file upload-v7.cif (mmCIF, C-alpha atoms)
data_model
loop_
_atom_site.label_atom_id
_atom_site.label_comp_id
_atom_site.auth_asym_id
_atom_site.auth_seq_id
_atom_site.Cartn_x
_atom_site.Cartn_y
_atom_site.Cartn_z
CA MET A 1 76.81 68.68 127.59
CA LEU A 2 80.15 68.86 129.41
CA TRP A 3 82.03 69.68 126.20
CA ILE A 4 79.64 72.58 125.47
CA ALA A 5 80.34 74.00 128.93
CA LEU A 6 84.10 73.61 128.36
CA LEU A 7 83.89 75.37 124.98
CA ALA A 8 81.93 78.23 126.56
CA ALA A 9 84.56 78.56 129.32
CA VAL A 10 87.40 78.69 126.77
CA ALA A 11 85.53 81.33 124.74
CA ALA A 12 84.97 83.42 127.88
CA ASP A 13 88.66 83.15 128.81
CA GLN A 14 89.73 84.22 125.31
CA SER A 15 87.30 87.13 125.44
CA ALA A 16 88.85 88.34 128.71
CA ASP A 17 92.34 87.80 127.27
CA GLU A 18 91.45 89.74 124.12
CA LYS A 19 90.17 92.64 126.22
CA ALA A 20 93.43 92.67 128.21
CA LEU A 21 95.51 92.36 125.03
CA THR A 22 93.59 95.23 123.44
CA THR A 23 94.47 97.46 126.40
CA LEU A 24 98.06 96.26 126.20
CA LYS A 25 98.31 97.14 122.49
CA THR A 26 96.33 100.41 122.57
CA THR A 27 97.57 101.90 125.83
CA THR A 28 100.33 100.04 127.68
CA TRP A 29 102.81 99.27 124.89
CA PRO A 30 102.66 102.74 123.30
CA GLY A 31 102.85 104.20 126.82
CA TYR A 32 106.30 102.64 127.30
CA TYR A 33 107.49 104.50 124.19
CA ARG A 34 105.82 107.83 125.09
CA ALA A 35 107.30 107.82 128.60
CA GLN A 36 110.64 106.42 127.41
CA ASP A 37 110.01 103.72 130.03
CA VAL A 38 112.89 101.39 129.24
CA GLU A 39 112.37 99.39 132.43
CA GLY A 40 108.69 98.72 131.68
CA LEU A 41 109.39 97.86 128.06
CA ASP A 42 112.27 95.59 129.09
CA ALA A 43 109.95 93.64 131.42
CA TYR A 44 107.34 93.28 128.64
CA LEU A 45 109.61 92.29 125.74
CA ASP A 46 110.86 88.71 125.71
CA ASP A 47 114.66 88.37 125.89
CA ASP A 48 114.61 87.07 122.30
CA PHE A 49 112.24 89.81 121.04
CA VAL A 50 112.80 91.12 117.51
CA ASN A 51 111.20 94.00 115.65
CA VAL A 52 110.97 93.45 111.89
CA ALA A 53 110.75 96.62 109.80
CA PRO A 54 108.91 96.85 106.46
CA ASP A 55 112.22 96.46 104.60
CA GLY A 56 113.04 93.27 106.54
CA THR A 57 115.57 94.87 108.89
CA VAL A 58 115.54 93.01 112.21
CA THR A 59 116.10 94.97 115.42
CA PRO A 60 116.86 92.89 118.54
CA LYS A 61 115.51 93.78 121.98
CA ALA A 62 118.70 95.54 123.15
CA ASP A 63 118.61 97.92 120.17
CA GLU A 64 114.89 98.58 120.66
CA LEU A 65 115.47 99.48 124.31
CA ASP A 66 118.39 101.72 123.34
CA TRP A 67 116.21 103.52 120.79
CA VAL A 68 113.47 104.11 123.38
CA ALA A 69 116.00 105.43 125.91
CA ASN A 70 117.45 107.93 123.44
CA ASN A 71 114.48 109.04 121.33
CA ALA A 72 111.32 110.89 122.25
CA TRP A 73 108.19 109.39 120.67
CA ASN A 74 105.00 111.37 120.96
CA PRO A 75 103.09 111.49 117.67
CA THR A 76 100.00 113.69 117.52
CA ASN A 77 96.70 111.85 117.91
CA PHE A 78 98.24 108.36 117.96
CA ARG A 79 95.64 105.62 117.89
CA TYR A 80 96.00 101.86 117.61
CA ARG A 81 93.08 99.67 116.62
CA VAL A 82 93.23 95.89 117.00
CA ASN A 83 91.93 94.24 113.83
CA ARG A 84 92.22 90.57 114.76
CA PHE A 85 93.51 87.91 117.12
CA ASP A 86 94.90 84.62 115.82
CA TRP A 87 95.20 82.10 118.64
CA PHE A 88 97.81 79.34 118.24
CA SER A 89 97.25 77.98 121.77
CA ASP A 90 95.77 79.24 125.04
CA ASP A 91 99.07 81.02 125.72
CA LEU A 92 100.21 82.15 122.26
CA VAL A 93 98.42 84.72 120.13
CA GLN A 94 99.14 86.97 117.18
CA VAL A 95 97.62 90.44 117.49
CA THR A 96 97.26 92.43 114.27
CA GLY A 97 96.15 96.04 114.10
CA THR A 98 96.49 99.48 112.57
CA GLY A 99 98.31 102.47 114.05
CA THR A 100 97.56 106.01 112.91
CA SER A 101 98.85 109.46 113.84
CA LEU A 102 99.43 112.91 112.44
CA ARG A 103 102.99 113.84 111.53
CA SER A 104 105.09 115.30 108.74
CA ASN A 105 106.44 113.41 105.74
CA GLN A 106 110.05 113.66 104.53
CA ALA A 107 109.20 116.85 102.63
CA GLY A 108 107.86 118.43 105.83
CA GLU A 109 104.22 118.29 104.71
CA PRO A 110 101.58 117.35 107.28
CA CYS A 111 100.26 113.85 106.71
CA GLU A 112 98.18 111.08 108.21
CA HIS A 113 100.66 108.32 108.98
CA SER A 114 99.44 104.73 109.20
CA TYR A 115 100.90 101.25 109.47
CA ILE A 116 99.92 97.66 110.18
CA SER A 117 101.64 95.79 112.98
CA THR A 118 101.54 92.10 113.72
CA ASN A 119 102.71 91.12 117.19
CA LEU A 120 103.30 87.62 118.52
CA VAL A 121 102.74 87.51 122.28
CA ARG A 122 102.94 84.71 124.82
CA ARG A 123 101.28 84.49 128.21
CA ASP A 124 104.00 84.82 130.88
CA ALA A 125 103.44 84.98 134.62
CA THR A 126 106.81 86.73 135.12
CA SER A 127 105.68 89.74 133.09
CA PRO A 128 104.00 92.59 135.00
CA VAL A 129 101.32 92.68 132.29
CA GLY A 130 100.92 88.89 132.08
CA TRP A 131 102.24 88.67 128.51
CA LYS A 132 105.61 88.90 126.74
CA ALA A 133 106.06 90.19 123.22
CA LEU A 134 108.12 87.77 121.11
CA SER A 135 108.11 89.80 117.91
CA SER A 136 106.63 92.78 116.12
CA HIS A 137 106.40 93.20 112.36
CA VAL A 138 105.46 96.54 110.81
CA SER A 139 104.17 96.77 107.24
CA GLY A 140 101.91 98.85 105.04
CA LEU A 141 103.47 102.19 105.92
CA SER A 142 101.79 105.19 104.39
CA CYS A 143 101.73 108.93 104.95
CA LYS A 144 98.81 110.57 103.12
CA VAL A 145 99.38 114.29 102.72
CA ILE A 146 96.71 116.38 104.38
CA ALA A 147 95.43 118.96 101.91
CA SER A 148 95.71 122.54 103.11
CA ASP A 149 92.72 124.87 103.07
CA ASP A 150 94.62 127.57 101.17
#
call {"tool": "encode", "arguments": {"input": "upload-v7.cif", "output": "structure tokens"}}
result
Amino acid sequence: MLWIALLAAVAADQSADEKALTTLKTTTWPGYYRAQDVEGLDAYLDDDFVNVAPDGTVTPKADELDWVANNAWNPTNFRYRVNRFDWFSDDLVQVTGTGTSLRSNQAGEPCEHSYISTNLVRRDATSPVGWKALSSHVSGLSCKVIASDD
């Protein structure tokens, strides 16, 4: 019976962690970009953080922080939905989800932009949000043109 109680406690802890991680991914992390909050993002990203673009280009933390400091990011109707959590240990989890927003494509046409991101995060007591992002990988970029009503 003790092992059943232990399993239930672990499941409850992961449920609370997943709720916190969902808020982190849907509100906090994008909020750093919207507000150009380099200090907040710096505290959240691990020193060895890398962002991997769809073409395989790797951006280290310093370059990511520089981009945030020098570029406004405020897409219309941005939403991020967490699709899954893959737990590797109690303190290491991969969060995968879909981001969507309205924007213009390279031809200037309005489109619904979407992407998949996979983020590896580690529990870290030194982080103000309790977690540190180790990496982010973006894939599946698309920008579906929104038909006009003309």
call {"tool": "resolve_selection", "arguments": {"input": "upload-v7.cif", "expression": "the PyMOL selection byres ((chain A and resi 44) around 7)", "output": "JSON, numbers by chain"}}
result
{"A": [40, 41, 42, 43, 45, 46, 127, 131, 132, 133]}
call {"tool": "residues_around", "arguments": {"input": "upload-v7.cif", "residues": "stretch 75-85 of chain A", "least_positions_apart": "3", "cutoff": "8 Å", "atoms": "all atoms listed in the file", "output": "PDB file with C-alpha atoms, in the coordinates of the input"}}
result
ATOM      1  CA  GLU A  18      91.450  89.740 124.120  1.00  0.00           C
ATOM      2  CA  THR A  22      93.590  95.230 123.440  1.00  0.00           C
ATOM      3  CA  LYS A  25      98.310  97.140 122.490  1.00  0.00           C
ATOM      4  CA  THR A  26      96.330 100.410 122.570  1.00  0.00           C
ATOM      5  CA  VAL A  93      98.420  84.720 120.130  1.00  0.00           C
ATOM      6  CA  GLN A  94      99.140  86.970 117.180  1.00  0.00           C
ATOM      7  CA  VAL A  95      97.620  90.440 117.490  1.00  0.00           C
ATOM      8  CA  THR A  96      97.260  92.430 114.270  1.00  0.00           C
ATOM      9  CA  GLY A  97      96.150  96.040 114.100  1.00  0.00           C
ATOM     10  CA  THR A  98      96.490  99.480 112.570  1.00  0.00           C
ATOM     11  CA  GLY A  99      98.310 102.470 114.050  1.00  0.00           C
ATOM     12  CA  THR A 100      97.560 106.010 112.910  1.00  0.00           C
ATOM     13  CA  SER A 101      98.850 109.460 113.840  1.00  0.00           C
ATOM     14  CA  LEU A 102      99.430 112.910 112.440  1.00  0.00           C
ATOM     15  CA  ARG A 103     102.990 113.840 111.530  1.00  0.00           C
TER      16      ARG A 103
END
call {"tool": "closest_residue", "arguments": {"input": "upload-v7.cif", "among": "A:Cys143, A:Val121, A:Leu21, A:Val68", "to": "A:Glu39", "atoms": "all atoms listed in the file"}}
result
A:Val68
call {"tool": "atom_distance", "arguments": {"input": "upload-v7.cif", "atom1": "atom CA of A:Ala107", "atom2": "atom CA of A:Gly31"}}
result
28.0 Å
call {"tool": "resolve_selection", "arguments": {"input": "upload-v7.cif", "expression": "the PyMOL selection byres ((chain A and resi 139) around 12)", "output": "ChimeraX atom specification"}}
result
/A:51-57,96-99,114-119,136-138,140-142
call {"tool": "write_last_selection", "arguments": {"input": "upload-v7.cif", "atoms": "C-alpha atoms", "output": "mmCIF file, in the frame of the given file"}}
result
data_model
loop_
_atom_site.group_PDB
_atom_site.id
_atom_site.type_symbol
_atom_site.label_atom_id
_atom_site.label_comp_id
_atom_site.auth_asym_id
_atom_site.auth_seq_id
_atom_site.Cartn_x
_atom_site.Cartn_y
_atom_site.Cartn_z
ATOM 1 C CA ASN A 51 111.200 94.000 115.650
ATOM 2 C CA VAL A 52 110.970 93.450 111.890
ATOM 3 C CA ALA A 53 110.750 96.620 109.800
ATOM 4 C CA PRO A 54 108.910 96.850 106.460
ATOM 5 C CA ASP A 55 112.220 96.460 104.600
ATOM 6 C CA GLY A 56 113.040 93.270 106.540
ATOM 7 C CA THR A 57 115.570 94.870 108.890
ATOM 8 C CA THR A 96 97.260 92.430 114.270
ATOM 9 C CA GLY A 97 96.150 96.040 114.100
ATOM 10 C CA THR A 98 96.490 99.480 112.570
ATOM 11 C CA GLY A 99 98.310 102.470 114.050
ATOM 12 C CA SER A 114 99.440 104.730 109.200
ATOM 13 C CA TYR A 115 100.900 101.250 109.470
ATOM 14 C CA ILE A 116 99.920 97.660 110.180
ATOM 15 C CA SER A 117 101.640 95.790 112.980
ATOM 16 C CA THR A 118 101.540 92.100 113.720
ATOM 17 C CA ASN A 119 102.710 91.120 117.190
ATOM 18 C CA SER A 136 106.630 92.780 116.120
ATOM 19 C CA HIS A 137 106.400 93.200 112.360
ATOM 20 C CA VAL A 138 105.460 96.540 110.810
ATOM 21 C CA GLY A 140 101.910 98.850 105.040
ATOM 22 C CA LEU A 141 103.470 102.190 105.920
ATOM 23 C CA SER A 142 101.790 105.190 104.390
#
call {"tool": "atom_distance", "arguments": {"input": "upload-v7.cif", "atom1": "atom CA of A:Thr27", "atom2": "atom CA of A:Val129"}}
result
11.9 Å
call {"tool": "closest_residue", "arguments": {"input": "upload-v7.cif", "among": "A:Leu120, A:Ala16, A:Glu64, A:Glu112", "to": "A:Tyr32", "atoms": "all atoms listed in the file"}}
result
A:Glu64
call {"tool": "closest_residue", "arguments": {"input": "upload-v7.cif", "among": "A:Asp13, A:Ala147, A:Asp91, A:Gln106", "to": "A:Asp124", "atoms": "all atoms listed in the file"}}
result
A:Asp91
call {"tool": "atom_distance", "arguments": {"input": "upload-v7.cif", "atom1": "atom CA of A:Asp63", "atom2": "atom CA of A:Val38"}}
result
11.3 Å
call {"tool": "closest_residue", "arguments": {"input": "upload-v7.cif", "among": "A:Asp48, A:Leu65, A:Asn74, A:Asp17", "to": "A:Arg34", "atoms": "all atoms listed in the file"}}
result
A:Asn74
call {"tool": "axis_aligned_box", "arguments": {"input": "upload-v7.cif", "around": "stretch 119-128 of chain A", "padding_each_side": "3 Å", "output": "lines of an AutoDock Vina configuration file"}}
result
center_x = 104.0
center_y = 88.5
center_z = 126.2
size_x = 11.5
size_y = 14.1
size_z = 23.9
call {"tool": "closest_residue", "arguments": {"input": "upload-v7.cif", "among": "A:Thr28, A:Gln36, A:Asn105, A:Thr126", "to": "A:Trp73", "atoms": "only C-alpha atoms"}}
result
A:Gln36
call {"tool": "build_atoms", "arguments": {"input": "upload-v7.cif", "residues": "stretch 11-37 of chain A", "atoms": "N, CA and C atoms", "output": "mmCIF file, in the frame of the given file"}}
result
data_model
loop_
_atom_site.group_PDB
_atom_site.id
_atom_site.type_symbol
_atom_site.label_atom_id
_atom_site.label_comp_id
_atom_site.auth_asym_id
_atom_site.auth_seq_id
_atom_site.Cartn_x
_atom_site.Cartn_y
_atom_site.Cartn_z
ATOM 1 N N ALA A 11 85.909 80.107 125.453
ATOM 2 C CA ALA A 11 85.530 81.330 124.740
ATOM 3 C C ALA A 11 85.513 82.522 125.688
ATOM 4 N N ALA A 12 85.001 82.326 126.904
ATOM 5 C CA ALA A 12 84.970 83.420 127.880
ATOM 6 C C ALA A 12 86.381 83.828 128.270
ATOM 7 N N ASP A 13 87.272 82.844 128.472
ATOM 8 C CA ASP A 13 88.660 83.150 128.810
ATOM 9 C C ASP A 13 89.328 83.923 127.684
ATOM 10 N N GLN A 14 89.123 83.497 126.430
ATOM 11 C CA GLN A 14 89.730 84.220 125.310
ATOM 12 C C GLN A 14 89.168 85.621 125.202
ATOM 13 N N SER A 15 87.900 85.794 125.485
ATOM 14 C CA SER A 15 87.300 87.130 125.440
ATOM 15 C C SER A 15 87.959 88.043 126.465
ATOM 16 N N ALA A 16 88.169 87.540 127.671
ATOM 17 C CA ALA A 16 88.850 88.340 128.710
ATOM 18 C C ALA A 16 90.293 88.614 128.301
ATOM 19 N N ASP A 17 90.965 87.604 127.736
ATOM 20 C CA ASP A 17 92.340 87.800 127.270
ATOM 21 C C ASP A 17 92.392 88.843 126.160
ATOM 22 N N GLU A 18 91.449 88.791 125.233
ATOM 23 C CA GLU A 18 91.450 89.740 124.120
ATOM 24 C C GLU A 18 91.197 91.164 124.612
ATOM 25 N N LYS A 19 90.384 91.309 125.633
ATOM 26 C CA LYS A 19 90.170 92.640 126.220
ATOM 27 C C LYS A 19 91.478 93.141 126.836
ATOM 28 N N ALA A 20 92.155 92.281 127.592
ATOM 29 C CA ALA A 20 93.430 92.670 128.210
ATOM 30 C C ALA A 20 94.486 92.962 127.144
ATOM 31 N N LEU A 21 94.537 92.150 126.100
ATOM 32 C CA LEU A 21 95.510 92.360 125.030
ATOM 33 C C LEU A 21 95.216 93.646 124.247
ATOM 34 N N THR A 22 93.957 93.981 124.104
ATOM 35 C CA THR A 22 93.590 95.230 123.440
ATOM 36 C C THR A 22 94.106 96.420 124.242
ATOM 37 N N THR A 23 93.935 96.391 125.548
ATOM 38 C CA THR A 23 94.470 97.460 126.400
ATOM 39 C C THR A 23 95.987 97.504 126.311
ATOM 40 N N LEU A 24 96.598 96.338 126.315
ATOM 41 C CA LEU A 24 98.060 96.260 126.200
ATOM 42 C C LEU A 24 98.530 96.925 124.905
ATOM 43 N N LYS A 25 97.883 96.608 123.788
ATOM 44 C CA LYS A 25 98.310 97.140 122.490
ATOM 45 C C LYS A 25 97.925 98.606 122.287
ATOM 46 N N THR A 26 96.792 99.041 122.833
ATOM 47 C CA THR A 26 96.330 100.410 122.570
ATOM 48 C C THR A 26 96.836 101.427 123.580
ATOM 49 N N THR A 27 97.197 100.971 124.769
ATOM 50 C CA THR A 27 97.570 101.900 125.830
ATOM 51 C C THR A 27 98.940 101.593 126.440
ATOM 52 N N THR A 28 99.123 100.375 126.917
ATOM 53 C CA THR A 28 100.330 100.040 127.680
ATOM 54 C C THR A 28 101.585 100.085 126.828
ATOM 55 N N TRP A 29 101.604 99.334 125.715
ATOM 56 C CA TRP A 29 102.810 99.270 124.890
ATOM 57 C C TRP A 29 103.188 100.645 124.359
ATOM 58 N N PRO A 30 102.261 101.399 123.748
ATOM 59 C CA PRO A 30 102.660 102.740 123.300
ATOM 60 C C PRO A 30 103.069 103.645 124.464
ATOM 61 N N GLY A 31 102.493 103.402 125.646
ATOM 62 C CA GLY A 31 102.850 104.200 126.820
ATOM 63 C C GLY A 31 104.312 104.044 127.207
ATOM 64 N N TYR A 32 104.864 102.837 127.030
ATOM 65 C CA TYR A 32 106.300 102.640 127.300
ATOM 66 C C TYR A 32 107.141 103.543 126.398
ATOM 67 N N TYR A 33 106.741 103.662 125.130
ATOM 68 C CA TYR A 33 107.490 104.500 124.190
ATOM 69 C C TYR A 33 107.316 105.980 124.512
ATOM 70 N N ARG A 34 106.082 106.411 124.779
ATOM 71 C CA ARG A 34 105.820 107.830 125.090
ATOM 72 C C ARG A 34 106.615 108.288 126.304
ATOM 73 N N ALA A 35 106.640 107.460 127.345
ATOM 74 C CA ALA A 35 107.300 107.820 128.600
ATOM 75 C C ALA A 35 108.790 107.483 128.601
ATOM 76 N N GLN A 36 109.265 106.921 127.486
ATOM 77 C CA GLN A 36 110.640 106.420 127.410
ATOM 78 C C GLN A 36 110.939 105.508 128.604
ATOM 79 N N ASP A 37 109.953 104.643 128.891
ATOM 80 C CA ASP A 37 110.010 103.720 130.030
ATOM 81 C C ASP A 37 110.740 102.441 129.613
#
